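my_file10.txt follows; it contains compact mmCIF, C-alpha atoms and all ligand atoms.
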# COMPACT_ATOMS: atom_id res chain seq x y z
CA MET A 1 115.88 112.14 84.44
CA ASN A 2 116.78 111.11 87.96
CA PHE A 3 116.17 112.05 91.56
CA ASN A 4 118.48 111.92 94.56
CA VAL A 5 118.58 113.17 98.14
CA THR A 6 121.27 114.39 100.51
CA PHE A 7 120.00 114.98 104.03
CA CYS A 8 121.77 117.45 106.26
CA GLU A 9 123.03 115.96 109.50
CA LYS A 10 120.05 116.78 111.72
CA ASP A 11 117.41 115.70 109.15
CA LYS A 12 118.76 112.18 108.65
CA PRO A 13 115.87 109.70 108.92
CA LEU A 14 115.69 106.35 110.66
CA ASN A 15 114.91 103.39 108.44
CA ASN A 16 111.59 102.58 110.08
CA GLU A 17 110.34 106.15 109.59
CA ILE A 18 111.00 105.87 105.88
CA ASN A 19 109.56 102.35 105.67
CA LEU A 20 106.23 103.54 107.04
CA LEU A 21 106.12 106.39 104.57
CA ASN A 22 107.07 104.05 101.73
CA GLU A 23 104.01 101.92 102.50
CA LYS A 24 101.80 105.00 102.56
CA ALA A 25 103.24 106.24 99.26
CA VAL A 26 102.65 102.93 97.49
CA LYS A 27 99.04 102.90 98.75
CA SER A 28 98.64 106.46 97.47
CA LEU A 29 99.99 105.45 94.06
CA GLU A 30 97.45 102.60 93.99
CA LEU A 31 94.67 105.10 94.75
CA LEU A 32 95.77 107.16 91.74
CA LYS A 33 96.01 104.14 89.47
CA ASN A 34 92.73 102.57 90.55
CA LYS A 35 91.06 105.96 90.70
CA ASN A 36 89.38 105.31 94.02
CA GLY A 37 90.87 108.05 96.21
CA LYS A 38 89.58 111.51 97.11
CA GLY A 39 88.77 113.78 94.17
CA ASN A 40 88.71 110.86 91.77
CA GLY A 41 86.49 112.77 89.36
CA PHE A 42 89.62 114.75 88.43
CA LEU A 43 92.08 112.00 87.64
CA GLY A 44 91.89 112.36 83.86
CA TRP A 45 95.52 113.55 83.84
CA VAL A 46 96.78 110.13 85.02
CA ASP A 47 96.20 108.44 81.64
CA LEU A 48 96.00 111.60 79.56
CA PRO A 49 99.43 111.32 77.84
CA GLU A 50 98.54 107.83 76.55
CA GLU A 51 95.08 108.91 75.48
CA ILE A 52 96.20 111.80 73.30
CA THR A 53 95.84 110.51 69.75
CA GLU A 54 97.77 111.39 66.59
CA LYS A 55 94.53 112.95 65.37
CA ASP A 56 94.33 115.22 68.46
CA LEU A 57 97.93 116.34 67.97
CA GLN A 58 97.31 116.88 64.26
CA GLU A 59 94.26 119.03 64.88
CA ILE A 60 96.14 121.20 67.36
CA THR A 61 99.21 121.45 65.12
CA SER A 62 97.23 122.48 62.06
CA CYS A 63 95.28 125.12 64.01
CA ALA A 64 98.64 126.36 65.35
CA GLU A 65 100.09 126.47 61.81
CA GLU A 66 97.21 128.67 60.64
CA ILE A 67 97.77 131.05 63.54
CA ARG A 68 101.53 131.10 63.00
CA LYS A 69 101.01 132.21 59.39
CA LYS A 70 98.59 134.94 60.39
CA CYS A 71 100.19 136.91 63.19
CA ASP A 72 103.26 138.43 64.86
CA ILE A 73 101.80 138.14 68.32
CA PHE A 74 99.69 135.44 69.93
CA VAL A 75 97.92 136.56 73.09
CA VAL A 76 97.13 133.79 75.57
CA ALA A 77 94.40 134.89 77.98
CA GLY A 78 93.94 132.67 81.02
CA ILE A 79 94.86 132.46 84.70
CA GLY A 80 96.13 129.80 87.12
CA GLY A 81 95.92 126.37 85.58
CA SER A 82 94.60 127.91 82.38
CA TYR A 83 97.87 129.73 81.82
CA LEU A 84 100.84 128.63 83.92
CA GLY A 85 101.50 125.28 82.24
CA ALA A 86 101.75 126.79 78.77
CA ARG A 87 103.95 129.59 80.03
CA ALA A 88 106.21 127.20 81.97
CA VAL A 89 106.89 125.14 78.85
CA ILE A 90 107.22 128.05 76.42
CA GLU A 91 109.56 130.02 78.69
CA ALA A 92 111.69 126.92 79.28
CA LEU A 93 112.14 126.25 75.56
CA LYS A 94 112.17 129.68 73.97
CA HIS A 95 115.05 132.04 73.28
CA ASN A 96 115.54 134.09 76.44
CA PHE A 97 115.35 137.34 74.48
CA ASP A 98 112.84 136.43 71.77
CA TYR A 99 111.08 139.78 72.18
CA ALA A 100 114.28 141.57 71.15
CA LEU A 101 115.20 139.40 68.16
CA GLU A 102 115.00 141.16 64.82
CA GLU A 103 113.66 138.08 63.09
CA ARG A 104 111.52 135.49 64.79
CA LYS A 105 110.39 132.15 63.39
CA SER A 106 107.32 132.07 65.61
CA PRO A 107 104.83 134.62 66.90
CA LEU A 108 105.76 136.28 70.15
CA ILE A 109 103.56 134.89 72.92
CA LEU A 110 102.09 137.48 75.28
CA TYR A 111 100.00 136.66 78.33
CA ALA A 112 96.80 138.32 79.48
CA GLY A 113 93.72 137.55 81.54
CA ASN A 114 95.93 136.75 84.52
CA THR A 115 95.65 140.16 86.17
CA LEU A 116 93.17 142.98 86.69
CA SER A 117 95.90 145.61 86.41
CA GLU A 118 94.78 148.49 84.22
CA ASP A 119 98.41 149.49 83.58
CA TYR A 120 99.24 146.03 82.26
CA THR A 121 96.11 145.90 80.11
CA LYS A 122 96.60 149.34 78.60
CA ASP A 123 100.26 148.62 77.85
CA LEU A 124 99.20 145.42 76.12
CA LEU A 125 96.61 147.30 74.04
CA ASP A 126 99.27 149.85 73.03
CA VAL A 127 101.34 147.01 71.61
CA LEU A 128 98.38 145.26 69.97
CA ASP A 129 97.30 148.50 68.26
CA LYS A 130 100.44 148.27 66.15
CA LYS A 131 100.84 144.52 65.66
CA ASP A 132 99.09 141.74 63.84
CA TYR A 133 97.73 139.39 66.47
CA CYS A 134 95.52 136.41 67.27
CA LEU A 135 94.00 135.53 70.60
CA CYS A 136 93.51 132.34 72.56
CA VAL A 137 91.08 132.61 75.47
CA ILE A 138 91.33 129.76 77.96
CA SER A 139 88.90 129.16 80.82
CA LYS A 140 87.42 125.89 81.96
CA SER A 141 84.62 127.49 83.97
CA GLY A 142 84.28 130.21 81.35
CA THR A 143 83.46 132.67 84.11
CA THR A 144 86.79 133.57 85.76
CA THR A 145 86.68 137.35 86.24
CA GLU A 146 90.27 138.20 85.29
CA THR A 147 90.07 136.24 82.04
CA ALA A 148 86.48 137.24 81.21
CA VAL A 149 87.13 140.97 81.70
CA THR A 150 90.29 140.82 79.57
CA PHE A 151 88.53 138.78 76.91
CA ARG A 152 85.76 141.34 76.60
CA ILE A 153 88.38 144.11 76.14
CA LEU A 154 90.45 142.15 73.61
CA ARG A 155 87.45 140.85 71.67
CA HIS A 156 86.31 144.43 71.13
CA HIS A 157 89.82 145.49 70.26
CA LEU A 158 90.08 142.73 67.65
CA GLU A 159 86.68 143.57 66.17
CA ASN A 160 87.55 147.28 65.94
CA LYS A 161 90.89 146.51 64.38
CA TYR A 162 89.94 143.80 61.87
CA GLY A 163 86.14 143.88 61.58
CA HIS A 164 83.87 141.25 63.05
CA SER A 165 84.29 138.41 60.57
CA GLU A 166 88.10 138.56 60.55
CA ALA A 167 88.18 138.92 64.35
CA VAL A 168 86.18 135.69 64.64
CA LYS A 169 88.86 133.89 62.60
CA ARG A 170 91.56 135.20 64.93
CA ILE A 171 90.07 133.88 68.15
CA VAL A 172 90.49 130.37 69.54
CA ALA A 173 88.55 129.39 72.67
CA VAL A 174 89.61 126.58 74.98
CA THR A 175 86.85 125.78 77.43
CA ASP A 176 84.37 123.27 78.81
CA ARG A 177 82.61 120.84 76.47
CA GLN A 178 79.19 122.34 77.19
CA LYS A 179 78.85 124.80 80.06
CA GLY A 180 79.91 128.36 80.90
CA VAL A 181 79.48 131.73 79.21
CA LEU A 182 82.68 131.35 77.21
CA LYS A 183 81.30 128.20 75.61
CA SER A 184 78.03 130.04 74.76
CA ILE A 185 79.89 133.01 73.27
CA ALA A 186 82.19 130.72 71.27
CA ASP A 187 79.23 128.79 69.87
CA LYS A 188 77.28 131.97 69.07
CA GLU A 189 80.23 133.66 67.37
CA GLY A 190 81.63 130.54 65.72
CA TYR A 191 85.12 130.63 67.21
CA LYS A 192 87.42 127.68 66.69
CA THR A 193 87.00 125.80 69.97
CA PHE A 194 88.96 123.15 71.85
CA VAL A 195 87.69 121.22 74.85
CA ILE A 196 89.18 120.92 78.34
CA PRO A 197 88.18 117.42 79.48
CA ASP A 198 85.74 117.33 82.40
CA ASN A 199 87.99 115.09 84.45
CA VAL A 200 91.13 117.26 84.25
CA GLY A 201 91.50 120.16 86.69
CA GLY A 202 93.17 123.42 85.68
CA ARG A 203 96.57 122.83 87.26
CA TYR A 204 96.83 119.35 85.71
CA SER A 205 95.77 120.55 82.25
CA VAL A 206 99.02 121.49 80.52
CA LEU A 207 98.88 118.40 78.27
CA THR A 208 95.35 119.26 77.07
CA PRO A 209 94.67 122.01 74.48
CA VAL A 210 95.08 124.47 77.40
CA GLY A 211 98.82 124.05 77.14
CA LEU A 212 99.28 122.37 73.79
CA ILE A 213 97.74 125.14 71.62
CA PRO A 214 99.99 127.96 72.90
CA ILE A 215 103.03 125.65 72.97
CA ALA A 216 102.44 124.59 69.35
CA VAL A 217 101.89 128.20 68.23
CA ALA A 218 105.18 129.10 69.92
CA GLY A 219 106.82 126.60 67.59
CA PHE A 220 107.57 123.67 69.89
CA ASP A 221 107.06 120.00 69.20
CA ILE A 222 104.04 118.93 71.23
CA SER A 223 104.40 115.28 70.21
CA LYS A 224 107.83 115.17 71.90
CA LEU A 225 106.36 116.80 75.00
CA VAL A 226 103.63 114.15 75.15
CA LYS A 227 106.19 111.41 74.43
CA GLY A 228 108.19 112.52 77.49
CA ALA A 229 105.05 112.44 79.64
CA CYS A 230 104.13 108.96 78.34
CA TYR A 231 107.59 107.67 79.20
CA MET A 232 107.38 109.04 82.73
CA ARG A 233 103.83 107.75 83.19
CA LYS A 234 104.99 104.21 82.48
CA GLU A 235 108.05 104.59 84.75
CA ILE A 236 105.90 105.79 87.63
CA LEU A 237 102.73 103.73 87.32
CA GLU A 238 104.43 100.40 86.72
CA ASN A 239 106.90 100.41 89.60
CA THR A 240 106.08 100.17 93.30
CA ASP A 241 109.67 100.22 94.54
CA CYS A 242 110.18 103.48 96.42
CA LYS A 243 113.93 103.43 95.79
CA THR A 244 113.68 103.30 92.00
CA ASN A 245 110.29 104.96 91.36
CA ILE A 246 111.39 108.60 91.42
CA ALA A 247 107.90 110.00 92.08
CA LEU A 248 107.45 107.71 95.11
CA HIS A 249 110.95 108.52 96.33
CA TYR A 250 110.36 112.26 96.00
CA ALA A 251 106.90 112.11 97.64
CA VAL A 252 108.25 110.06 100.56
CA THR A 253 111.20 112.39 101.08
CA ARG A 254 109.20 115.63 101.05
CA ASN A 255 106.54 114.12 103.35
CA TYR A 256 109.23 112.91 105.74
CA LEU A 257 110.76 116.39 105.83
CA TYR A 258 107.29 117.89 106.37
CA ASN A 259 106.67 115.48 109.25
CA ILE A 260 109.89 116.52 111.00
CA GLY A 261 108.83 120.17 110.89
CA LYS A 262 109.92 121.61 107.56
CA GLU A 263 107.41 124.17 106.37
CA ILE A 264 108.80 125.33 103.05
CA GLU A 265 109.96 123.54 99.93
CA LEU A 266 112.13 125.76 97.79
CA LEU A 267 112.31 124.76 94.14
CA VAL A 268 115.71 125.94 92.96
CA ASN A 269 116.84 126.49 89.40
CA TYR A 270 120.09 127.74 87.91
CA GLN A 271 118.49 128.70 84.58
CA PRO A 272 116.39 131.86 84.20
CA ASN A 273 114.23 130.10 81.61
CA LEU A 274 112.96 127.75 84.33
CA VAL A 275 111.47 130.54 86.43
CA TYR A 276 107.97 129.88 85.08
CA PHE A 277 108.39 126.17 85.58
CA SER A 278 108.70 127.07 89.26
CA GLU A 279 105.55 129.20 89.02
CA TRP A 280 103.70 126.20 87.57
CA PHE A 281 105.13 123.97 90.35
CA LYS A 282 104.02 126.49 93.00
CA GLN A 283 100.45 126.46 91.76
CA LEU A 284 100.40 122.67 91.37
CA TYR A 285 101.62 121.98 94.90
CA GLY A 286 100.14 125.04 96.62
CA GLU A 287 96.58 124.45 95.38
CA SER A 288 96.82 120.69 95.74
CA GLU A 289 98.28 120.41 99.25
CA GLY A 290 97.52 123.68 101.01
CA LYS A 291 94.27 122.82 102.78
CA GLU A 292 92.93 121.55 106.11
CA ASN A 293 95.79 123.47 107.77
CA LYS A 294 98.28 121.16 106.11
CA GLY A 295 100.90 121.27 103.38
CA LEU A 296 104.40 122.46 102.64
CA PHE A 297 104.52 126.05 101.39
CA PRO A 298 105.95 125.84 97.86
CA ALA A 299 108.39 128.62 97.06
CA SER A 300 111.19 129.11 94.56
CA VAL A 301 114.48 130.80 93.88
CA SER A 302 116.41 131.31 90.67
CA ASN A 303 120.15 131.02 91.21
CA THR A 304 122.73 132.24 91.11
CA THR A 305 120.70 135.50 90.91
CA ASP A 306 118.87 134.85 94.18
CA LEU A 307 122.00 133.78 96.04
CA HIS A 308 122.61 137.52 96.17
CA SER A 309 119.24 138.15 97.81
CA MET A 310 117.53 135.11 99.36
CA GLY A 311 120.82 133.24 99.75
CA GLN A 312 121.55 134.90 103.09
CA TYR A 313 118.23 133.76 104.57
CA ILE A 314 118.56 130.25 103.23
CA GLN A 315 122.05 129.93 104.70
CA GLN A 316 121.45 131.43 108.13
CA GLY A 317 117.82 132.46 108.65
CA LYS A 318 115.09 130.52 110.47
CA ARG A 319 115.52 126.80 109.70
CA LEU A 320 112.20 126.20 107.90
CA MET A 321 113.01 124.78 104.55
CA PHE A 322 114.55 122.16 102.35
CA GLU A 323 115.52 122.62 98.72
CA THR A 324 114.59 120.72 95.58
CA VAL A 325 117.12 121.60 92.91
CA LEU A 326 116.37 121.30 89.19
CA HIS A 327 119.75 120.32 87.80
CA VAL A 328 120.35 120.69 84.05
CA GLU A 329 123.46 118.85 82.92
CA ASN A 330 124.06 120.19 79.40
CA THR A 331 123.19 122.86 76.90
CA ASP A 332 123.56 123.16 73.14
CA LYS A 333 124.27 126.89 73.40
CA HIS A 334 127.77 128.18 73.98
CA ALA A 335 129.13 131.51 75.15
CA ALA A 336 132.89 131.28 75.70
CA LEU A 337 134.87 133.36 78.17
CA PRO A 338 137.47 135.12 75.96
CA VAL A 339 141.13 134.26 76.53
CA GLN A 340 143.15 137.27 77.71
CA GLU A 341 146.90 137.50 78.11
CA ILE A 342 146.70 140.33 80.58
CA ASP A 343 144.65 139.19 83.53
CA ASP A 344 143.31 142.66 84.33
CA ASP A 345 139.94 141.35 85.58
CA LYS A 346 141.58 138.43 87.46
CA LEU A 347 139.45 135.84 85.71
CA ASN A 348 142.15 133.80 83.97
CA TYR A 349 141.79 131.10 86.63
CA LEU A 350 138.51 130.22 84.87
CA LYS A 351 140.13 129.66 81.48
CA ASP A 352 139.53 125.90 81.42
CA PHE A 353 135.86 126.09 82.35
CA SER A 354 132.79 126.61 80.19
CA LEU A 355 130.09 128.92 81.59
CA THR A 356 127.95 125.83 82.24
CA GLN A 357 130.78 124.27 84.24
CA ILE A 358 131.17 127.47 86.26
CA ASN A 359 127.41 127.47 86.88
CA HIS A 360 127.62 123.83 87.98
CA LYS A 361 130.44 124.64 90.41
CA ALA A 362 128.29 127.41 91.87
CA GLU A 363 125.49 124.88 92.24
CA GLU A 364 127.79 122.32 93.88
CA GLY A 365 129.26 124.92 96.23
CA THR A 366 125.81 126.17 97.18
CA LYS A 367 124.55 122.67 97.85
CA ALA A 368 127.46 121.99 100.22
CA ALA A 369 127.02 125.34 101.96
CA HIS A 370 123.28 124.86 102.43
CA LEU A 371 123.79 121.32 103.74
CA ASP A 372 126.23 122.76 106.29
CA GLY A 373 123.56 125.37 107.09
CA GLY A 374 120.98 122.64 107.82
CA VAL A 375 119.07 122.68 104.52
CA SER A 376 118.54 119.19 103.11
CA GLN A 377 119.01 118.86 99.37
CA LEU A 378 116.75 117.01 96.94
CA GLN A 379 117.76 117.03 93.29
CA ILE A 380 115.96 116.34 90.06
CA SER A 381 118.34 116.07 87.11
CA ILE A 382 117.75 116.25 83.38
CA ASP A 383 120.42 116.12 80.72
CA ARG A 384 119.16 119.20 78.86
CA ILE A 385 116.10 121.40 78.51
CA ASN A 386 114.03 120.10 75.60
CA GLU A 387 110.44 119.11 74.89
CA GLU A 388 110.83 115.50 75.92
CA ASN A 389 112.50 116.26 79.24
CA ILE A 390 109.99 118.96 80.07
CA GLY A 391 107.21 116.43 79.32
CA ARG A 392 108.88 114.00 81.73
CA MET A 393 109.16 116.64 84.44
CA ILE A 394 105.52 117.65 84.03
CA TYR A 395 104.25 114.12 84.55
CA PHE A 396 106.74 113.49 87.35
CA PHE A 397 105.62 116.54 89.34
CA GLU A 398 101.93 115.87 88.69
CA ALA A 399 102.16 112.24 89.83
CA ALA A 400 104.33 113.05 92.85
CA CYS A 401 101.85 115.77 93.79
CA GLY A 402 98.90 113.35 93.68
CA ILE A 403 100.86 110.80 95.75
CA SER A 404 102.02 113.44 98.25
CA GLY A 405 98.49 114.81 98.64
CA TYR A 406 97.05 111.38 99.36
CA MET A 407 99.85 110.80 101.87
CA LEU A 408 98.60 113.93 103.67
CA ASP A 409 95.10 112.48 103.53
CA ILE A 410 93.67 115.51 101.73
CA ASN A 411 91.94 115.85 98.35
CA PRO A 412 94.74 117.05 96.03
CA PHE A 413 92.31 117.84 93.23
CA ASP A 414 90.05 120.53 94.63
CA GLN A 415 90.71 124.17 95.58
CA PRO A 416 87.84 125.30 97.83
CA GLY A 417 89.92 128.11 99.35
CA VAL A 418 90.17 129.95 96.02
CA GLU A 419 86.47 130.86 96.26
CA PHE A 420 86.81 133.05 99.38
CA TYR A 421 88.36 136.09 97.72
CA LYS A 422 85.93 135.82 94.83
CA LYS A 423 82.93 135.96 97.17
CA ASN A 424 84.19 139.16 98.79
CA MET A 425 85.19 140.73 95.48
CA PHE A 426 81.77 140.02 93.91
CA ALA A 427 79.99 141.46 96.95
CA LEU A 428 82.14 144.60 96.79
CA LEU A 429 81.48 144.94 93.06
CA GLY A 430 77.74 144.47 93.56
CA LYS A 431 77.44 141.33 91.44
CA LYS A 432 73.81 140.20 91.60
CA ASP A 433 73.76 136.38 91.58
O1 LIG A 501 93.88 124.87 88.92
C1 LIG A 501 92.80 125.44 88.90
O2 LIG A 501 91.73 124.81 88.87
C2 LIG A 501 92.69 126.95 88.87
O3 LIG A 501 93.95 127.53 88.96
C3 LIG A 501 92.04 127.40 87.58
O4 LIG A 501 92.75 126.89 86.50
C4 LIG A 501 91.96 128.92 87.48
O5 LIG A 501 91.27 129.41 88.58
C5 LIG A 501 91.30 129.33 86.20
O6 LIG A 501 90.03 128.76 86.10
P1 LIG A 501 89.25 128.71 84.73
O7 LIG A 501 89.99 127.85 83.79
O8 LIG A 501 87.91 128.14 85.08
O9 LIG A 501 89.15 130.13 84.24

Using structure tokens, write down the structure that the file contains.
Amino acid sequence: MNFNVTFCEKDKPLNNEINLLNEKAVKSLELLKNKNGKGNGFLGWVDLPEEITEKDLQEITSCAEEIRKKCDIFVVAGIGGSYLGARAVIEALKHNFDYALEERKSPLILYAGNTLSEDYTKDLLDVLDKKDYCLCVISKSGTTTETAVTFRILRHHLENKYGHSEAVKRIVAVTDRQKGVLKSIADKEGYKTFVIPDNVGGRYSVLTPVGLIPIAVAGFDISKLVKGACYMRKEILENTDCKTNIALHYAVTRNYLYNIGKEIELLVNYQPNLVYFSEWFKQLYGESEGKENKGLFPASVSNTTDLHSMGQYIQQGKRLMFETVLHVENTDKHAALPVQEIDDDKLNYLKDFSLTQINHKAEEGTKAAHLDGGVSQLQISIDRINEENIGRMIYFFEAACGISGYMLDINPFDQPGVEFYKKNMFALLGKKD
């Protein structure tokens, strides 16, 4: 995995500007390592990959194996940090059309508890009426309305479908060690339960059971994911050179661009299966940095699809943004363009290119066009999408987010603003306490 930057002409920095930011970034990294910065009660994720034991992985894998034997569908109920990490990894690694495959090796993963839409919920129930399923309910607080409401509906559905004692065996709860109503229900009912560590916040929790249970049920190798994160942890924590430490380099670059007036960071992919990785990134950076009237607005596009919609704005609209491109070098899947003697569709000029090479040329051409249009280009490259590389990217983005947040002098580990809508909603719904 590597990181590089190409500034457009008008964004080019002076050396002393970057030097000052480098110093700030290194200090921010020290705050993370020494755990003496703002929000330091939520720095469990920093050492988490190293602290996951073989025994932890084994317990998760054997629970996942049981579930895999039992059901066609695994419903993951959670929202925000209790959902996006698992989905980002599963969507990145899975077959793009797994729902349409005749034969699947793993249960289909469906997501719930992340919306209050009645349409969505009823449609889900229609499917679950006819399929064998298990349920994982994930909530650190154990009180999040979207997840709690959905869990009540699905718990009843499971009990009606299978009877109480079988329903209990089909539910896994991932929640706080001791507090919250979900923990009380899980204890009372005897659900299999996994703990979200106290010192890991939702959006940094993908490498806890929050992410690892669904990822293992989906059939992916969680030890490789953790291995990738461990590798990146070492690379980042043990190097204070901002040129070679890719998290420092990235944090410095995005903070520099923010300081010169950029307001939006667009995470760009050229692979539809990375769309949910962008959703995870948006939550991670949006909730971590968007406070005290500060922070880049994290957004995303999926190319080349979005070049036919957002591409126009990015090329010629208001100059607000820079792009961070997720570049994937290779794939193990192949879909050849058939050779044709008669060039009726005028595509024979592509005969020497693979689809991946064509996609890469589109990426290269877009990068050059956007640079000409005044959009600086940051790039994170991996050789292919697999568990280990996704693990590396997870730790990279988490660490860079912590560093970036400290560079802004905010607490990157709280989310006080999320409470405002809840307060209004509860008042409107007449909630007592
Ligand atoms: O990152 C966060 O802390 C939030 O996105 C939470 O994960 C989200 O609000 C869900 O909270 P809980 O796990 O308590 O249901």

Margin query: Taking only C-alpha atoms and all ligand atoms into account, name the residue in A:Glu263, A:Glu387, A:Glu146, A:Asp198 that is nearest to ligand LIG 501 (chain A).
Written below: A:Glu146

Next item on the list: Please check which protein, DNA or RNA residues sit within 8 Å of ligand LIG 501 (chain A), counting only C-alpha atoms and all ligand atoms, and write them as a PyMOL selection string.
Entry: chain A and resi 78-83+138-145+147+175+201-204+283-284+287+414-415+418

Notebook entry, point to check: Near Asn259 in chain A, within 12 Å and counting all atoms listed in the file, which residues show up once chain neighbours fewer than 3 positions away are dropped, as a PyMOL selection string?
Noted result: chain A and resi 11+13+17-18+21+252-256+262-264+294-296+407-408

Item checked: Near-Tyr231 in chain A list (12 Å; only C-alpha atoms; drop same-chain fewer than 3 positions) as a PyMOL selection string -> chain A and resi 1+47+49-50+224-228+234-238+388-396

Check: Using only C-alpha atoms, which of A:Lys361, A:Lys94, A:Lys169, A:Lys38 sits nearest Ile67 in chain A?
Finding: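 Smallest distance to Ile67 in chain A is found for A:Lys169.
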
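Nearest residue to Val46 in chain A among A:His334, A:Lys105, A:Arg233, A:Lys318 is A:Arg233, counting all atoms listed in the file.
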
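The gap separating CA of Gln178 in chain A from CA of Glu54 in chain A is 24.0 Å, in Å to one decimal.
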
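CA of Ser381 in chain A sits 18.4 Å away from CA of Lys333 in chain A.
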
Next item on the list: Choose the residue, out of A:Asp176, A:Glu279, A:Asp126, A:Glu419, that has the smallest atom-to-atom separation from Ala88 in chain A; count all atoms listed in the file.
Entry: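 That would be A:Glu279, the residue with the smallest distance to Ala88 in chain A.
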
Next item on the list: Point out the residue among A:Thr366, A:Ser223, A:Asn2, A:Ser278 with the least atom-to-atom distance to Ala299 in chain A, counting only C-alpha atoms.
Entry: A:Ser278

Checklist line | Among listed residues A:Tyr111, A:Gly163, A:Gly430, A:Asp72, nearest Lys130 in chain A (using all atoms listed in the file) | finding: A:Asp72

Check: Any idea what's packed within 9 Å of range 24-36 of chain A, counting all atoms listed in the file, ignoring anything in its chain fewer than 6 positions away? Could you give it as a ChimeraX atom specification?
Finding: /A:43,46-47,236-237,240-242,248-249,251-252,399-400,402-407

Note to self: If I take CA of Leu110 in chain A and CA of Ser302 in chain A, how far is one from the other in Å, to one decimal?
What the structure shows: 21.9 Å
